[in-house]
Amino acid sequence: METILGAVGSLIAGLLRSLAFYSVFYAIGSVALKLLTLGRYPRFMHMREDARRGFPEFELVALFGLLCTIGLVVLLARAV
């Protein structure tokens with residue numbers, strides 16, 4: 001029984017982790033890239049057309065958002 005509960009807990013933790021990565025960090029990365037590229041990237045229509053092949057650009061934007069968040073935390077830690 002403990003093994004099943006551990007597996008379910010691990011599954012829920014994995015889902016929450018991916019939800020946080022793909023939703024929160026994508027939003028941060030999307031805004032940062034829109035500001036950095038003056039609104040040219042990420043192109044949402046292009047991503048909708050490539051939805052069948054997966055979302056490598058989606059993951060890269062989320063990764064950029066994660067890097068922006070880490071950079072902001074480091075800058076704030078240095079300021080304090």
# chains A, B, ... in the order shown; residues from 1 in each chain; ligands from 1
call {"tool": "residues_around", "arguments": {"residues": "Phe25 of chain A", "least_positions_apart": "4", "cutoff": "7 Å", "atoms": "only C-alpha atoms", "output": "PDB file with N, CA and C atoms, in the first residue's frame"}}
result
ATOM      1  N   ALA A  20       4.066  23.907 -13.289  1.00  0.00           N
ATOM      2  CA  ALA A  20       4.753  25.141 -12.900  1.00  0.00           C
ATOM      3  C   ALA A  20       5.755  25.553 -13.965  1.00  0.00           C
ATOM      4  N   PHE A  21       6.501  24.595 -14.481  1.00  0.00           N
ATOM      5  CA  PHE A  21       7.512  24.924 -15.478  1.00  0.00           C
ATOM      6  C   PHE A  21       6.877  25.449 -16.750  1.00  0.00           C
ATOM      7  N   GLY A  29       8.919  33.903 -19.576  1.00  0.00           N
ATOM      8  CA  GLY A  29       9.788  33.901 -20.741  1.00  0.00           C
ATOM      9  C   GLY A  29       9.157  34.580 -21.942  1.00  0.00           C
ATOM     10  N   ALA A  62      10.002  28.543 -22.104  1.00  0.00           N
ATOM     11  CA  ALA A  62       9.877  28.264 -20.672  1.00  0.00           C
ATOM     12  C   ALA A  62      11.254  28.215 -20.012  1.00  0.00           C
ATOM     13  N   GLY A  65      12.404  31.686 -19.528  1.00  0.00           N
ATOM     14  CA  GLY A  65      11.720  32.254 -18.364  1.00  0.00           C
ATOM     15  C   GLY A  65      12.338  31.798 -17.059  1.00  0.00           C
ATOM     16  N   LEU A  66      12.736  30.526 -16.999  1.00  0.00           N
ATOM     17  CA  LEU A  66      13.415  30.010 -15.809  1.00  0.00           C
ATOM     18  C   LEU A  66      14.742  30.722 -15.612  1.00  0.00           C
TER      19      LEU A  66
END
call {"tool": "atom_distance", "arguments": {"atom1": "atom CA of Ala77 of chain A", "atom2": "atom CA of Leu63 of chain A"}}
result
21.0 Å
call {"tool": "closest_residue", "arguments": {"among": "A:Val61, A:Ala7, A:Leu67, A:Val80", "to": "Lys34 of chain A", "atoms": "only C-alpha atoms"}}
result
A:Val61
call {"tool": "atom_distance", "arguments": {"atom1": "atom CA of Glu59 of chain A", "atom2": "atom CA of Arg40 of chain A"}}
result
17.6 Å
